[in-house]
$ cat coords_11.cif   # mmCIF, N, CA and C atoms
data_final
loop_
_atom_site.label_atom_id
_atom_site.label_comp_id
_atom_site.auth_asym_id
_atom_site.auth_seq_id
_atom_site.Cartn_x
_atom_site.Cartn_y
_atom_site.Cartn_z
N THR X 1 10.57 -98.03 -78.24
CA THR X 1 10.39 -96.66 -78.71
C THR X 1 8.90 -96.33 -78.80
N ILE X 2 8.62 -95.07 -78.97
CA ILE X 2 7.23 -94.64 -79.10
C ILE X 2 6.60 -95.23 -80.35
N CYS X 3 7.35 -95.27 -81.44
CA CYS X 3 6.82 -95.82 -82.69
C CYS X 3 6.39 -97.27 -82.52
N LYS X 4 7.19 -98.06 -81.84
CA LYS X 4 6.83 -99.46 -81.61
C LYS X 4 5.57 -99.57 -80.77
N ALA X 5 5.41 -98.71 -79.78
CA ALA X 5 4.21 -98.72 -78.94
C ALA X 5 2.98 -98.34 -79.75
N VAL X 6 3.11 -97.36 -80.62
CA VAL X 6 1.99 -96.95 -81.47
C VAL X 6 1.60 -98.09 -82.40
N ILE X 7 2.58 -98.70 -83.03
CA ILE X 7 2.31 -99.80 -83.96
C ILE X 7 1.69 -100.99 -83.25
N LYS X 8 2.18 -101.31 -82.09
CA LYS X 8 1.67 -102.45 -81.33
C LYS X 8 0.20 -102.26 -80.94
N ASN X 9 -0.19 -101.04 -80.64
CA ASN X 9 -1.54 -100.76 -80.18
C ASN X 9 -2.45 -100.19 -81.26
N TYR X 10 -2.01 -100.23 -82.50
CA TYR X 10 -2.77 -99.67 -83.60
C TYR X 10 -4.04 -100.47 -83.87
N ASN X 11 -5.13 -99.77 -84.08
CA ASN X 11 -6.40 -100.37 -84.45
C ASN X 11 -6.67 -100.00 -85.90
N ASP X 12 -6.97 -100.99 -86.74
CA ASP X 12 -7.12 -100.71 -88.17
C ASP X 12 -8.33 -99.85 -88.51
N LYS X 13 -9.15 -99.53 -87.52
CA LYS X 13 -10.28 -98.62 -87.73
C LYS X 13 -9.96 -97.20 -87.27
N SER X 14 -8.71 -96.97 -86.98
CA SER X 14 -8.31 -95.65 -86.50
C SER X 14 -7.30 -95.02 -87.46
N THR X 15 -7.08 -93.75 -87.24
CA THR X 15 -6.08 -93.01 -87.99
C THR X 15 -5.02 -92.54 -87.02
N VAL X 16 -3.78 -92.72 -87.40
CA VAL X 16 -2.67 -92.28 -86.56
C VAL X 16 -1.87 -91.25 -87.35
N LEU X 17 -1.64 -90.12 -86.74
CA LEU X 17 -0.84 -89.07 -87.36
C LEU X 17 0.52 -89.06 -86.68
N ILE X 18 1.57 -89.24 -87.48
CA ILE X 18 2.93 -89.26 -86.96
C ILE X 18 3.70 -88.14 -87.63
N SER X 19 4.32 -87.30 -86.84
CA SER X 19 5.17 -86.24 -87.36
C SER X 19 6.61 -86.55 -86.96
N THR X 20 7.47 -86.74 -87.96
CA THR X 20 8.85 -87.14 -87.66
C THR X 20 9.78 -86.81 -88.81
N HIS X 21 11.05 -86.68 -88.48
CA HIS X 21 12.09 -86.59 -89.49
C HIS X 21 12.80 -87.94 -89.62
N LEU X 22 12.43 -88.88 -88.78
CA LEU X 22 13.05 -90.21 -88.76
C LEU X 22 12.25 -91.15 -89.64
N ILE X 23 12.29 -90.92 -90.93
CA ILE X 23 11.47 -91.63 -91.90
C ILE X 23 11.70 -93.15 -91.84
N SER X 24 12.93 -93.56 -91.72
CA SER X 24 13.23 -95.00 -91.73
C SER X 24 12.57 -95.73 -90.56
N ASP X 25 12.29 -95.03 -89.47
CA ASP X 25 11.65 -95.66 -88.31
C ASP X 25 10.18 -95.99 -88.55
N VAL X 26 9.53 -95.26 -89.45
CA VAL X 26 8.09 -95.43 -89.63
C VAL X 26 7.68 -95.82 -91.05
N GLU X 27 8.61 -95.81 -91.97
CA GLU X 27 8.28 -96.05 -93.39
C GLU X 27 7.49 -97.34 -93.61
N SER X 28 7.83 -98.38 -92.89
CA SER X 28 7.19 -99.69 -93.12
C SER X 28 5.72 -99.74 -92.74
N VAL X 29 5.24 -98.77 -91.98
CA VAL X 29 3.83 -98.80 -91.54
C VAL X 29 2.98 -97.69 -92.16
N LEU X 30 3.56 -96.89 -93.02
CA LEU X 30 2.82 -95.77 -93.59
C LEU X 30 2.03 -96.17 -94.83
N ASN X 31 0.83 -95.64 -94.93
CA ASN X 31 0.02 -95.80 -96.14
C ASN X 31 0.04 -94.52 -96.96
N ASP X 32 -0.09 -93.40 -96.29
CA ASP X 32 -0.11 -92.09 -96.92
C ASP X 32 0.89 -91.19 -96.22
N VAL X 33 1.42 -90.22 -96.97
CA VAL X 33 2.36 -89.27 -96.39
C VAL X 33 2.03 -87.85 -96.85
N VAL X 34 2.40 -86.91 -96.01
CA VAL X 34 2.30 -85.49 -96.35
C VAL X 34 3.63 -84.87 -95.95
N PHE X 35 4.29 -84.25 -96.91
CA PHE X 35 5.54 -83.54 -96.64
C PHE X 35 5.21 -82.06 -96.54
N ILE X 36 5.61 -81.46 -95.43
CA ILE X 36 5.35 -80.05 -95.19
C ILE X 36 6.67 -79.33 -95.01
N LYS X 37 6.82 -78.20 -95.69
CA LYS X 37 8.03 -77.39 -95.55
C LYS X 37 7.61 -75.93 -95.43
N ASN X 38 8.13 -75.29 -94.40
CA ASN X 38 7.80 -73.88 -94.15
C ASN X 38 6.30 -73.65 -94.08
N GLY X 39 5.59 -74.62 -93.48
CA GLY X 39 4.15 -74.48 -93.29
C GLY X 39 3.30 -74.78 -94.50
N GLU X 40 3.90 -75.23 -95.59
CA GLU X 40 3.14 -75.53 -96.80
C GLU X 40 3.34 -76.99 -97.22
N ILE X 41 2.27 -77.61 -97.68
CA ILE X 41 2.36 -78.97 -98.20
C ILE X 41 3.08 -78.93 -99.53
N ILE X 42 4.19 -79.67 -99.61
CA ILE X 42 4.95 -79.69 -100.86
C ILE X 42 4.78 -81.01 -101.62
N LYS X 43 4.27 -82.04 -100.94
CA LYS X 43 3.98 -83.32 -101.61
C LYS X 43 3.12 -84.16 -100.68
N ASP X 44 2.15 -84.84 -101.25
CA ASP X 44 1.33 -85.75 -100.45
C ASP X 44 0.76 -86.84 -101.34
N GLY X 45 0.39 -87.96 -100.73
CA GLY X 45 -0.21 -89.05 -101.47
C GLY X 45 0.11 -90.40 -100.86
N LYS X 46 -0.22 -91.43 -101.60
CA LYS X 46 0.05 -92.81 -101.20
C LYS X 46 1.55 -93.07 -101.27
N VAL X 47 2.08 -93.77 -100.27
CA VAL X 47 3.52 -94.04 -100.21
C VAL X 47 4.01 -94.72 -101.48
N GLU X 48 3.30 -95.76 -101.91
CA GLU X 48 3.77 -96.52 -103.08
C GLU X 48 3.80 -95.67 -104.35
N GLU X 49 2.95 -94.67 -104.45
CA GLU X 49 2.95 -93.78 -105.61
C GLU X 49 4.09 -92.77 -105.54
N ILE X 50 4.39 -92.29 -104.35
CA ILE X 50 5.44 -91.29 -104.17
C ILE X 50 6.82 -91.90 -104.27
N VAL X 51 6.99 -93.09 -103.73
CA VAL X 51 8.31 -93.71 -103.64
C VAL X 51 8.82 -94.21 -104.99
N GLY X 52 7.99 -94.90 -105.74
CA GLY X 52 8.46 -95.48 -107.02
C GLY X 52 9.58 -96.46 -106.77
N ASP X 53 10.72 -96.25 -107.39
CA ASP X 53 11.87 -97.16 -107.26
C ASP X 53 12.84 -96.76 -106.17
N SER X 54 12.58 -95.64 -105.49
CA SER X 54 13.49 -95.20 -104.43
C SER X 54 12.88 -95.51 -103.07
N SER X 55 13.40 -94.89 -102.03
CA SER X 55 12.84 -95.06 -100.70
C SER X 55 12.18 -93.76 -100.27
N LEU X 56 11.34 -93.83 -99.28
CA LEU X 56 10.70 -92.64 -98.75
C LEU X 56 11.73 -91.69 -98.15
N GLU X 57 12.77 -92.27 -97.57
CA GLU X 57 13.88 -91.46 -97.03
C GLU X 57 14.53 -90.64 -98.14
N ASP X 58 14.75 -91.26 -99.32
CA ASP X 58 15.33 -90.55 -100.45
C ASP X 58 14.43 -89.41 -100.91
N VAL X 59 13.13 -89.66 -100.97
CA VAL X 59 12.17 -88.63 -101.36
C VAL X 59 12.21 -87.49 -100.36
N PHE X 60 12.22 -87.83 -99.09
CA PHE X 60 12.30 -86.81 -98.03
C PHE X 60 13.55 -85.94 -98.18
N LEU X 61 14.69 -86.58 -98.37
CA LEU X 61 15.94 -85.82 -98.50
C LEU X 61 15.92 -84.92 -99.73
N GLU X 62 15.36 -85.41 -100.81
CA GLU X 62 15.26 -84.61 -102.03
C GLU X 62 14.34 -83.40 -101.79
N LEU X 63 13.21 -83.63 -101.15
CA LEU X 63 12.28 -82.54 -100.88
C LEU X 63 12.82 -81.56 -99.84
N ALA X 64 13.63 -82.05 -98.92
CA ALA X 64 14.21 -81.17 -97.90
C ALA X 64 15.11 -80.12 -98.53
N ASN X 65 15.69 -80.46 -99.68
CA ASN X 65 16.55 -79.52 -100.38
C ASN X 65 15.79 -78.69 -101.40
N TYR X 66 14.51 -79.00 -101.58
CA TYR X 66 13.66 -78.27 -102.52
C TYR X 66 13.48 -76.83 -102.05
N GLU X 67 13.63 -75.91 -102.94
CA GLU X 67 13.49 -74.49 -102.59
C GLU X 67 12.20 -73.95 -103.14
#

$ encode --input "coords_11.cif" --output "structure tokens"
Amino acid sequence: TICKAVIKNYNDKSTVLISTHLISDVESVLNDVVFIKNGEIIKDGKVEEIVGDSSLEDVFLELANYE
């Protein structure tokens, strides 16, 4: 997949921007996340701070229903 190719060729001195709804495919390699809905940032920060005891997928699903 494209995600595997990006991860395989990642340089730790670079920044990679990934836009996806497939959170489970990329969650293990993310340091920071930005959730955007209707063109506005609704949540952003370090993954470990946002996730807490749940998963990033759970946070995404909760925010997707946010009005």

$ resolve_selection --input "coords_11.cif" --expression "the PyMOL selection byres ((chain X and resi 23-40) around 8)" --output "PyMOL selection string"
chain X and resi 3-4+7+20-22+41-48+56-57+60+63-64

$ select_by_dssp --input "coords_11.cif" --residues "chain X" --states "helix (DSSP H, G or I)" --output "ChimeraX atom specification"
/X:2-8,23-29,47-51,56-64

$ atom_distance --input "coords_11.cif" --atom1 "CA of Ser14 (chain X)" --atom2 "CA of Ile50 (chain X)"
22.8 Å

$ atom_distance --input "coords_11.cif" --atom1 "CA of Ile18 (chain X)" --atom2 "atom N of Asp53 (chain X)"
23.0 Å

$ atom_distance --input "coords_11.cif" --atom1 "atom C of Glu49 (chain X)" --atom2 "atom C of Glu62 (chain X)"
14.4 Å

$ select_by_dssp --input "coords_11.cif" --residues "region 3-67 of chain X" --states "strand (DSSP E)" --output "list in words"
Asp32, Val33, Val34, Phe35, Ile36, Lys37, Glu40, Ile41, Ile42, Lys43, Asp44, Gly45 and Lys46 of chain X

$ axis_aligned_box --input "coords_11.cif" --around "region 43-47 of chain X" --padding-each-side "6 Å" --output "AutoDock Vina command-line options"
--center_x 2.0 --center_y -88.4 --center_z -100.9 --size_x 16.5 --size_y 24.7 --size_z 13.4

$ build_atoms --input "coords_11.cif" --residues "region 37-48 of chain X" --atoms "all heavy atoms" --output "PDB file, keeping the file's coordinate frame"
ATOM      1  N   LYS X  37       6.820 -78.200 -95.690  1.00  0.00           N
ATOM      2  CA  LYS X  37       8.030 -77.390 -95.550  1.00  0.00           C
ATOM      3  C   LYS X  37       7.610 -75.930 -95.430  1.00  0.00           C
ATOM      4  O   LYS X  37       6.816 -75.445 -96.231  1.00  0.00           O
ATOM      5  CB  LYS X  37       8.948 -77.583 -96.756  1.00  0.00           C
ATOM      6  CG  LYS X  37      10.279 -76.871 -96.605  1.00  0.00           C
ATOM      7  CD  LYS X  37      11.224 -77.238 -97.728  1.00  0.00           C
ATOM      8  CE  LYS X  37      12.576 -76.592 -97.483  1.00  0.00           C
ATOM      9  NZ  LYS X  37      13.530 -76.934 -98.523  1.00  0.00           N
ATOM     10  N   ASN X  38       8.130 -75.290 -94.400  1.00  0.00           N
ATOM     11  CA  ASN X  38       7.800 -73.880 -94.150  1.00  0.00           C
ATOM     12  C   ASN X  38       6.300 -73.650 -94.080  1.00  0.00           C
ATOM     13  O   ASN X  38       5.790 -72.660 -94.586  1.00  0.00           O
ATOM     14  CB  ASN X  38       8.443 -72.976 -95.200  1.00  0.00           C
ATOM     15  CG  ASN X  38       9.943 -73.063 -95.199  1.00  0.00           C
ATOM     16  OD1 ASN X  38      10.557 -73.227 -94.152  1.00  0.00           O
ATOM     17  ND2 ASN X  38      10.549 -72.969 -96.368  1.00  0.00           N
ATOM     18  N   GLY X  39       5.590 -74.620 -93.480  1.00  0.00           N
ATOM     19  CA  GLY X  39       4.150 -74.480 -93.290  1.00  0.00           C
ATOM     20  C   GLY X  39       3.300 -74.780 -94.500  1.00  0.00           C
ATOM     21  O   GLY X  39       2.084 -74.608 -94.447  1.00  0.00           O
ATOM     22  N   GLU X  40       3.900 -75.230 -95.590  1.00  0.00           N
ATOM     23  CA  GLU X  40       3.140 -75.530 -96.800  1.00  0.00           C
ATOM     24  C   GLU X  40       3.340 -76.990 -97.220  1.00  0.00           C
ATOM     25  O   GLU X  40       4.447 -77.518 -97.136  1.00  0.00           O
ATOM     26  CB  GLU X  40       3.579 -74.622 -97.940  1.00  0.00           C
ATOM     27  CG  GLU X  40       3.237 -73.165 -97.681  1.00  0.00           C
ATOM     28  CD  GLU X  40       3.432 -72.305 -98.914  1.00  0.00           C
ATOM     29  OE1 GLU X  40       3.259 -72.812-100.042  1.00  0.00           O
ATOM     30  OE2 GLU X  40       3.757 -71.124 -98.731  1.00  0.00           O
ATOM     31  N   ILE X  41       2.270 -77.610 -97.680  1.00  0.00           N
ATOM     32  CA  ILE X  41       2.360 -78.970 -98.200  1.00  0.00           C
ATOM     33  C   ILE X  41       3.080 -78.930 -99.530  1.00  0.00           C
ATOM     34  O   ILE X  41       2.668 -78.228-100.451  1.00  0.00           O
ATOM     35  CB  ILE X  41       0.960 -79.594 -98.360  1.00  0.00           C
ATOM     36  CG1 ILE X  41       0.296 -79.737 -96.989  1.00  0.00           C
ATOM     37  CG2 ILE X  41       1.053 -80.944 -99.084  1.00  0.00           C
ATOM     38  CD1 ILE X  41      -1.151 -80.189 -97.047  1.00  0.00           C
ATOM     39  N   ILE X  42       4.190 -79.670 -99.610  1.00  0.00           N
ATOM     40  CA  ILE X  42       4.950 -79.690-100.860  1.00  0.00           C
ATOM     41  C   ILE X  42       4.780 -81.010-101.620  1.00  0.00           C
ATOM     42  O   ILE X  42       5.095 -81.087-102.794  1.00  0.00           O
ATOM     43  CB  ILE X  42       6.448 -79.387-100.627  1.00  0.00           C
ATOM     44  CG1 ILE X  42       7.081 -80.366 -99.651  1.00  0.00           C
ATOM     45  CG2 ILE X  42       6.632 -77.952-100.165  1.00  0.00           C
ATOM     46  CD1 ILE X  42       8.591 -80.236 -99.542  1.00  0.00           C
ATOM     47  N   LYS X  43       4.270 -82.040-100.940  1.00  0.00           N
ATOM     48  CA  LYS X  43       3.980 -83.320-101.610  1.00  0.00           C
ATOM     49  C   LYS X  43       3.120 -84.160-100.680  1.00  0.00           C
ATOM     50  O   LYS X  43       3.324 -84.172 -99.476  1.00  0.00           O
ATOM     51  CB  LYS X  43       5.276 -84.063-101.947  1.00  0.00           C
ATOM     52  CG  LYS X  43       5.074 -85.251-102.863  1.00  0.00           C
ATOM     53  CD  LYS X  43       6.415 -85.683-103.434  1.00  0.00           C
ATOM     54  CE  LYS X  43       6.283 -86.509-104.653  1.00  0.00           C
ATOM     55  NZ  LYS X  43       6.090 -85.804-105.891  1.00  0.00           N
ATOM     56  N   ASP X  44       2.150 -84.840-101.250  1.00  0.00           N
ATOM     57  CA  ASP X  44       1.330 -85.750-100.450  1.00  0.00           C
ATOM     58  C   ASP X  44       0.760 -86.840-101.340  1.00  0.00           C
ATOM     59  O   ASP X  44       0.695 -86.689-102.553  1.00  0.00           O
ATOM     60  CB  ASP X  44       0.208 -84.987 -99.723  1.00  0.00           C
ATOM     61  CG  ASP X  44      -0.838 -84.424-100.666  1.00  0.00           C
ATOM     62  OD1 ASP X  44      -0.464 -83.742-101.643  1.00  0.00           O
ATOM     63  OD2 ASP X  44      -2.018 -84.676-100.432  1.00  0.00           O
ATOM     64  N   GLY X  45       0.390 -87.960-100.730  1.00  0.00           N
ATOM     65  CA  GLY X  45      -0.210 -89.050-101.470  1.00  0.00           C
ATOM     66  C   GLY X  45       0.110 -90.400-100.860  1.00  0.00           C
ATOM     67  O   GLY X  45       0.626 -90.501 -99.747  1.00  0.00           O
ATOM     68  N   LYS X  46      -0.220 -91.430-101.600  1.00  0.00           N
ATOM     69  CA  LYS X  46       0.050 -92.810-101.200  1.00  0.00           C
ATOM     70  C   LYS X  46       1.550 -93.070-101.270  1.00  0.00           C
ATOM     71  O   LYS X  46       2.210 -92.648-102.232  1.00  0.00           O
ATOM     72  CB  LYS X  46      -0.667 -93.804-102.110  1.00  0.00           C
ATOM     73  CG  LYS X  46      -2.177 -93.688-102.097  1.00  0.00           C
ATOM     74  CD  LYS X  46      -2.711 -94.314-100.852  1.00  0.00           C
ATOM     75  CE  LYS X  46      -4.226 -94.285-100.834  1.00  0.00           C
ATOM     76  NZ  LYS X  46      -4.753 -94.502 -99.506  1.00  0.00           N
ATOM     77  N   VAL X  47       2.080 -93.770-100.270  1.00  0.00           N
ATOM     78  CA  VAL X  47       3.520 -94.040-100.210  1.00  0.00           C
ATOM     79  C   VAL X  47       4.010 -94.720-101.480  1.00  0.00           C
ATOM     80  O   VAL X  47       4.997 -94.296-102.083  1.00  0.00           O
ATOM     81  CB  VAL X  47       3.884 -94.877 -98.964  1.00  0.00           C
ATOM     82  CG1 VAL X  47       5.328 -95.337 -99.017  1.00  0.00           C
ATOM     83  CG2 VAL X  47       3.620 -94.087 -97.703  1.00  0.00           C
ATOM     84  N   GLU X  48       3.300 -95.760-101.910  1.00  0.00           N
ATOM     85  CA  GLU X  48       3.770 -96.520-103.080  1.00  0.00           C
ATOM     86  C   GLU X  48       3.800 -95.670-104.350  1.00  0.00           C
ATOM     87  O   GLU X  48       4.628 -95.898-105.235  1.00  0.00           O
ATOM     88  CB  GLU X  48       2.953 -97.798-103.296  1.00  0.00           C
ATOM     89  CG  GLU X  48       1.478 -97.582-103.558  1.00  0.00           C
ATOM     90  CD  GLU X  48       0.603 -97.550-102.317  1.00  0.00           C
ATOM     91  OE1 GLU X  48       1.129 -97.564-101.196  1.00  0.00           O
ATOM     92  OE2 GLU X  48      -0.619 -97.486-102.471  1.00  0.00           O
TER      93      GLU X  48
END
